[in-house]
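> If you scroll down you'll find the structure; I have some questions about it.
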Amino acid sequence: MGRKFFVGGNWKCNGTTEEVNKIVSTLNAGEVPSQDVVEVVVSPPFVFLPLVKTSLRPDFHVAAQNCWVKKGGAFTGEVSAEMLVNLSIPWVIIGHSERRLILKESNEFVGDKVAYALAQGLKVIACIGETLEQREAGSTMAVVAEQTKAIAAKISNWTDVVLAYEPVWAIGTGKVATPAQAQEVHFELRKWLQENVSPEVAASTRIIYGGSVTAANCKELAVQPDVDGFLVGGASLKPEFIDIIKSAEVNKNA
Ligand SMILES: O=C(CO)COP(=O)(O)O
């Protein structure tokens, strides 16, 4: 089964109304392959979601960057999955390394969040990835398998999940994984899904790469057989995001 190329733009905690309007104008004017070839999702901070949703071209979709682990209520500062559904926000990013490491979200907490968001009808970009220390210790696969296992333990349907492999040492550092490094982990992750979930889920689940993706390096990554797209941080705030979306054309499934 073909896996449609997926390009996500994670704007993180950036932007003013003026800057958001400018990014949206650039995206709206961009010439990109059709929705049959690439799925594009941008993720502004919560406060800009309604603005982006109403002003963004209809072939691009929006994602929240997080949501609460269960039903909303007395959880000051949190935003619930129900609220996202109420606002017709289709996607949510869960388990980004910045939340795992800075806000101490555990594997189990991330697994619970993914399960709750899916149960509410959201589609999930679930993030995993090792630190530099873990890579240097040779435990990359053990770490990402453990993170994936905590998600797999809580869900039974992977249809609405995109798995984002984002090595922490490559995020915001300008130090992109080599195509071989990305392919190796994506291949192993797919094998893990095959052995621990099912061959069908392994074949159909998109595994996307994130960490210093730019217009300059996206094509060599996009041609890798197990790289099904990207989750882009810094470059998603710039016009070059359009070029990254276009790398869908070099992907083998295009
Ligand atoms: O964290 C990322 C996307 O979620 C990647 O960020 P950068 O593209 O800025 O390295």
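Each chain in the structure tokens gets a letter, A, B, ..., in the order shown, and its residues are numbered from 1; ligands are numbered from 1 in order too.
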Can you list, as a count of residues only, every residue of region 3-197 of chain A that DSSP puts in helix (DSSP H, G or I)?
87
> Neighbours of ligand 1 at 9 Å or closer, counting only C-alpha atoms and all ligand atoms: which residues, as a VMD selection string?
chain A and resid 8 to 12 93 96 to 98 127 164 166 to 176 209 to 214 230 to 236
> In terms of the shortest atom-to-atom distance over only C-alpha atoms, which of A:Ser139, A:Ser80, A:Gln147, A:Ser247 is closest to Gly95 (chain A)?
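Closest candidate: A:Gln147.
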> Taking only C-alpha atoms into account, name the residue in A:Leu163, A:Leu87, A:Val110, A:Val20 that is nearest to Ser55 (chain A).
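Comparing A:Leu163, A:Leu87, A:Val110, A:Val20 against Ser55 (chain A), the winner is A:Val20.
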> For Asn86 (chain A), which residue among A:Val69, A:Met141, A:Leu122, A:Val42 is the nearest when counting only C-alpha atoms?
A:Leu122
> Figure out the distance between CA of Asn107 (chain A) and CA of Arg135 (chain A), please, to one decimal in Å.
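Taking CA of Arg135 (chain A) as the start and CA of Asn107 (chain A) as the end point, the length is 17.9 Å.
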> Can you tell me, as a list in words, what residues are no more than 12 Å from Gln194 (chain A) when counting only C-alpha atoms, ignoring any on the same chain fewer than 6 positions away?
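Answer for this query is Ala152, Phe187, Glu188, Glu200, Val201, Ala202, Ala203, Ser204 and Thr205 of chain A.
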> DSSP on the backbone, then: every residue of region 93-188 of chain A marked strand (DSSP E), written as a PDB file with N, CA and C atoms, in the first residue's frame.

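Output below, filename result_19.pdb:
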```pdb
ATOM      1  N   ILE A  93       0.034  17.265  17.400  1.00  0.00           N
ATOM      2  CA  ILE A  93       1.382  16.715  17.618  1.00  0.00           C
ATOM      3  C   ILE A  93       1.446  16.274  19.083  1.00  0.00           C
ATOM      4  N   ILE A  94       1.906  15.069  19.320  1.00  0.00           N
ATOM      5  CA  ILE A  94       2.026  14.604  20.710  1.00  0.00           C
ATOM      6  C   ILE A  94       3.423  14.013  20.942  1.00  0.00           C
ATOM      7  N   LYS A 123      -6.368  13.172  14.598  1.00  0.00           N
ATOM      8  CA  LYS A 123      -5.261  12.438  13.999  1.00  0.00           C
ATOM      9  C   LYS A 123      -3.990  12.903  14.702  1.00  0.00           C
ATOM     10  N   VAL A 124      -3.058  11.988  14.861  1.00  0.00           N
ATOM     11  CA  VAL A 124      -1.922  12.267  15.741  1.00  0.00           C
ATOM     12  C   VAL A 124      -0.575  12.137  15.020  1.00  0.00           C
ATOM     13  N   ILE A 125       0.265  13.155  15.207  1.00  0.00           N
ATOM     14  CA  ILE A 125       1.675  13.056  14.814  1.00  0.00           C
ATOM     15  C   ILE A 125       2.415  12.737  16.110  1.00  0.00           C
ATOM     16  N   ALA A 126       2.835  11.499  16.265  1.00  0.00           N
ATOM     17  CA  ALA A 126       3.461  11.049  17.514  1.00  0.00           C
ATOM     18  C   ALA A 126       4.979  11.082  17.344  1.00  0.00           C
ATOM     19  N   CYS A 127       5.645  11.829  18.224  1.00  0.00           N
ATOM     20  CA  CYS A 127       7.089  12.046  18.066  1.00  0.00           C
ATOM     21  C   CYS A 127       7.914  11.152  18.988  1.00  0.00           C
ATOM     22  N   ILE A 128       9.010  10.669  18.426  1.00  0.00           N
ATOM     23  CA  ILE A 128       9.964   9.856  19.189  1.00  0.00           C
ATOM     24  C   ILE A 128      11.372  10.268  18.760  1.00  0.00           C
ATOM     25  N   VAL A 161      -2.434   7.650  12.721  1.00  0.00           N
ATOM     26  CA  VAL A 161      -1.168   7.997  13.383  1.00  0.00           C
ATOM     27  C   VAL A 161      -0.057   8.155  12.346  1.00  0.00           C
ATOM     28  N   VAL A 162       0.692   9.236  12.483  1.00  0.00           N
ATOM     29  CA  VAL A 162       1.945   9.413  11.744  1.00  0.00           C
ATOM     30  C   VAL A 162       3.046   9.398  12.795  1.00  0.00           C
ATOM     31  N   LEU A 163       4.070   8.583  12.573  1.00  0.00           N
ATOM     32  CA  LEU A 163       5.156   8.480  13.542  1.00  0.00           C
ATOM     33  C   LEU A 163       6.296   9.397  13.079  1.00  0.00           C
ATOM     34  N   ALA A 164       6.687  10.334  13.953  1.00  0.00           N
ATOM     35  CA  ALA A 164       7.755  11.275  13.574  1.00  0.00           C
ATOM     36  C   ALA A 164       9.025  10.923  14.329  1.00  0.00           C
ATOM     37  N   TYR A 165      10.032  10.473  13.574  1.00  0.00           N
ATOM     38  CA  TYR A 165      11.341  10.204  14.185  1.00  0.00           C
ATOM     39  C   TYR A 165      12.154  11.493  14.171  1.00  0.00           C
TER      40      TYR A 165
END
```
> Nearest to Val41 (chain A): which of A:Val144, A:Ala137, A:Ile245, A:Ile23 is it, counting only C-alpha atoms?
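So, comparing all the options, the nearest one is A:Ile245.
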> For Gln65 (chain A), which of A:Asn14, A:Asn28, A:Thr131, A:Thr178 is the closest residue, counting only C-alpha atoms?
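Comparing A:Asn14, A:Asn28, A:Thr131, A:Thr178 against Gln65 (chain A), the winner is A:Asn14.
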> Nearest to Arg190 (chain A) among A:Glu220, A:Asp160, A:Asp226, A:Asp59, with distances taken over only C-alpha atoms: which residue is it?
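Nearest to Arg190 (chain A): A:Asp226.
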> If you measure from CA of Val143 (chain A) to CA of Val62 (chain A), what distance in Å do you get, rounded to one decimal?
29.0 Å
> In Å to one decimal, how far is CA of Lys71 (chain A) from CA of Tyr116 (chain A)?
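For CA of Tyr116 (chain A) relative to CA of Lys71 (chain A), the distance reads 8.4 Å.
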> Would you pick out the contacts of region 179-181 of chain A at 7 Å or less, using only C-alpha atoms, so that residues sharing its chain but fewer than 4 positions from it are not included, and give the list as number ranges by chain?
A: 185, 220-221, 224
